[in-house]
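Enquirer: Take a look at this one; I'll ask things after.
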Amino acid sequence: MRPHKSAEVLPSLLQGPDWPAQILDGAPVLLAYLDAEQCFSYANETHRSWLGVDPQALLGKRLIDVIGQRNYRSAAPALKKAYAGQLASFEGELYNGKERRYAHGNFQPDFDADGRVRGVFTALLDITERHLLELQLHESEQRFFGAFQHAAIGMALTRPDGHFLRVNAAVCQMLGYREDELLALDIARLTHPDDMATDARLMAELLAGTRESYQLEKRNLHKDGHAVHIQLSVSLVRDEQNAPLYFVSQVQNISQRKAFEDALHRERELAEVTLRSIGDAVITTDTQLCITSLNPIAEAMTGWSNDEAQGRPIEEIFQLFDAQDGHTIANPLRVAIEHNTIVDLAGKTLLRHRHGFDTPVEDSSAPIHDHAGNVIGGVLVFHDVSETRALALKMIHLTQHDTLTGLPNRSQLHDHIGQALATANRRQQRAALLYIDIDHFKQINELHGHAAGDRVLRALAAQLHRCLPGDELISRYGGDEFVVLLPHLGSVGEAASLCQVLINQCEQTRVDGLPELALRISIGISVYPDDAAEPEDLLQHAETALVAVKAQGMHGYRFFTALMNERSQARRRIETALRQALPRHELSLHYQPKVEAQSGRVVGAEALLRWQVNGRELYKPDQFIPVAEDSGLILPIGAWALRQACKQAQLWQLGGQTIPVSVNVSPLQFQHADFYSWLDDVLNESGLDPGLLELELTERMVMSGGDTTTGLLRRIRQRGVRLSLDDFGTGYCSLSYLKHFPIDALKIDRVFVHDLISDRDTATITSAIIAMARSLNKVVIAEGVETRDQAAFLRHAGCSQLQGFLFGAPMPAEEFQQLLAATT
């Protein structure tokens with residue numbers, strides 16, 4: 001061991017009168033001085049209490065020998081810096097035997113008269129407890145942030161001046177802003193002007209300490225300007241001195257609930273006004289014949305107020321007697337509800353007032369039905385003998401007609417059809433049913449809101465009335481479906497002509513505020529007695545014909561044919577067999593090459609589903625895929641296809657042939673809540689680079705899902721998976737919308753490619769699509785390329801990739817691998 005040099009080496013810092021030894025020895029810090037060879041020249045008394053070592057025993061020993069290799073490696077960089085003449089610090093883990101501590105150290109170089117470093121003064125502080133607290137605080141903050149950011153409801157922290165301190169993703173999505181945009185705003189900028197005063201008053205009460213929290217329904221303004229109804233719950237966080245720090249707000253979007261409440265309120269108001277305005281007495285009951293309401297006339301005629309009568313048995317309030325013998329008459333409403341029919345009072349009947357006098361009345365009793373036709377109560381309509389029974393019919397009208405359009409509802413449709421068929425049978429005439437449906441009506445609700453959808457339904461109902469001036473019956477069957485009954489049909493051609501008129505006129509329906517409505521309707525037709533003799537069968541056949549219209553691309557009309565039933569039966573056979581196709585390994589994937597337009601090099605493959613048994617195609621894709629989607633079987637089949645395609649692409653890559661593969665995704669798959677999890681699991685299982693997978697989506701899937709779809713697309717794109725729009729140009733997606741979606745590629749539908757050479761307009765449209773898509777930096781892929789002229793045109797127009805029989809039909813994976821080997 002090197003002999004210790006004493007006081008002549010120690011810096012004056014350790015020798016001067018300002019630093020008595022007792023101060024240094026009593027400091028809660030390990031103080032030491034290391035000479036030029038990193039040997040201890042000084043160590044204060046704290047070393048004894050902290051490390052159990054005599055400080056004098058350390059003098060002359062090398063630092064590395066005292067603290068050990070592991071500790072030395074941790075402090076070495078800072079120590080090296082100090083010996084290089086710079087003030088250095090160190091913070092990290094150190095070990096005292098097996099005990100792990102956390103320390104902060106300062107290393108200060110000591111210079112001789114010539115400016116050379118002759119030693120280093122070290123000060124080491126044990127900060128283990130502080131470090132643990134900091135870690136715990138950090139973990140707590142992370143947990144809070146995670147819970148805050150990913151909460152299902154909106155969360156916001158707001159300064160006392162109203163400016164946002166933090167907002168979570170749910171609030172951003174609810175109001176249409178990015179996080180940075182919201183943080184630049186304040187509550188006043190987002191609150192509807194009519195609601196600001198109440199919100200400000202409650203916030204002031206929180207700040208003043210007169211209340212601890214508040215709840216409020218209010219309207220916030222979406223980024224696009226429309227009002228968002230929210231349920232707000234606010235509390236205030238204060239510091240130790242009780243000064244306000246920030247507000248904590250929980251926000252729930254209740255816009256849909258408010259819309260339902262408004263619609264229900266309108267219906268109730270309508271019923272309430274009607275009951276109070278009519279001149280007859282009306283009593284309603286539940287199914288147990290306990291009173292639920294009396295209108296003002298009923299109150300006057302019975303002597304009971306509405307409030308007093310609530311819940312009482314009908315016989316106590318509505319007491320009937322025979323005018324001739326004075327005997328009690330059974331209440332007709334009990335019979336009406338028991339037999340689900342309308343019952344009128346027979347003979348002369350007296351109603352006894354609460355105070356004993358009698359009034360001669362006529363009465364009509366009827367059950368009240370819900371939308372499914374179930375009896376949910378009863379209604380009594382009565383008046384004196386001088387009055388007619390018109391009021392009863394009005395009340396029955398309320399239970400049998402659609403409140404939105406005023407049309408008869410489905411609860412009475414079967415009776416009307418039965419009566420019409422009986423009449424047609426007696427007169428030896430035909431009758432017909434037209435089953436009408438608005439194409440893509442769901443998109444109107446999604447794009448413009450349910451209130452706008454209701455206005456469209458009312459406008460269409462009015463247009464139908466104008467087109468059918470005769471004795472035809474129009475009924476709203478449900479949702480966006482209407483049924484027209486033609487009781488007197490001269491010929492089937494007459495029905496066809498009427499359908500064409502309906503299509504032409506209804507598609508011109510206009511609604512204020514929706515200038516680009518462009519309605520399209522489809523109609524299915526069934527004829528009596530040609531197609532069926534019973535109302536239910538006739539209605540079912542009309543619906544089957546409507547399904548056939550939609551299967552051919554929607555828009556238009558079709559008559560029911562027996563072949564449609566055969567197709568329906570064929571679909572059932574396909575569905576039965578399809579349920580066993582996966583377990584029996586009858587499904588497989590074929591791959592069609594995509595080539596680079598300029599070089600002809602294979603740059604990708606589309607995975608296409610095939611159903612084969614013993615090498616023979618059992619059903620074509622356009623036969624079994626629609627059945628799979630309608631039955632829900634597309635979910636397990638689609639998941640299997642995605643997994644197989646990823647495994648195959650990974651096998652090609654491991655074999656030295658890296659080729660991207662694209663997989664078609666059905667709407668049912670994409671809209672499933674677990675789709676992203678399935679996709680993530682498949683990528684992890686296969687080990688495939690996400691950049692080698694492309695999902696092909698339809699325009700309708702992308703456009704109809706709203707913010708939820710946009711968010712899912714972004715998550716998929718962030719995962720590295722590419723996205724393309726399949727059959728572009730055949731749907732309703734505008735190129736201007738593409739900038740809102742993370743789409744990588746567009747696939748021009750084969751119907752455009754087929755007519756490129758023969759039709760100038762098609763060629764012009766296709767060229768424009770390619771040019772505009774390229775301006776948006778989208779890859780453009782043309783499918784269905786079958787001729788060299790088509791390929792040359794698309795190549796010249798700037799198409800990126802080509803796909804079609806000209807370059808190869810869909811083939812098994814082994815053949816595709818041979819194709820790759822032959823072209824590389």
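Simple scheme: letters A, B, ... for chains in structure tokens order, numbers from 1 for residues in each chain, numbers from 1 for ligands in the order shown.
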With a cut-off of 10 Å, could you pull out the residues of region 336-430 of chain A touching region 468-481 of chain A and give me the nearest pair of atoms for each, distance in Å to one decimal, using only C-alpha atoms, ordered by chain and ascending number, as CSV?
Expert:
```
residue,atom,partner,partner_atom,distance
A:His371,CA,A:Gly478,CA,9.4
A:His401,CA,A:Ser475,CA,8.5
A:Asp402,CA,A:Arg476,CA,6.9
A:Leu404,CA,A:Arg476,CA,9.5
A:Thr405,CA,A:Arg476,CA,7.8
A:Gly406,CA,A:Arg476,CA,8.8
A:Leu407,CA,A:Ser475,CA,5.4
A:Pro408,CA,A:Ser475,CA,4.8
A:Asn409,CA,A:Arg476,CA,5.4
A:Arg410,CA,A:Tyr477,CA,5.1
A:Ser411,CA,A:Tyr477,CA,8.9
A:Gln412,CA,A:Ser475,CA,8.9
A:Leu413,CA,A:Ser475,CA,7.0
A:His416,CA,A:Leu473,CA,8.3
A:Ile417,CA,A:Leu473,CA,9.2
A:Ala420,CA,A:Leu473,CA,9.8
```
Enquirer: Run DSSP on the backbone and give me the residues of region 60-225 of chain A it puts in strand (DSSP E), as a VMD selection string.
Expert: chain A and resid 88 to 96 99 to 111 117 to 126 154 to 158 164 to 167 213 to 221
Enquirer: Env of Leu433 (chain A): 9 Å cut, atoms = only C-alpha atoms, seq-sep filter 2 positions within chain, self excluded. Answer as a PyMOL selection string.
Expert: chain A and resi 417+431+435+483-487+524-528+538-539+542
Enquirer: Choose the residue, out of A:Pro593, A:His488, A:Lys647, A:Ala518, that has the smallest atom-to-atom separation from Ile444 (chain A); count only C-alpha atoms.
Expert: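 Answer, going by the shortest atom-to-atom distance: A:Ala518.
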Enquirer: Find the spatial neighbours of Asn614 (chain A), counting only C-alpha atoms, within a cut-off of 12 Å - ignore same-chain residues fewer than 6 positions away - and output them as JSON, numbers by chain.
Expert: {"A": [584, 585, 586, 587]}
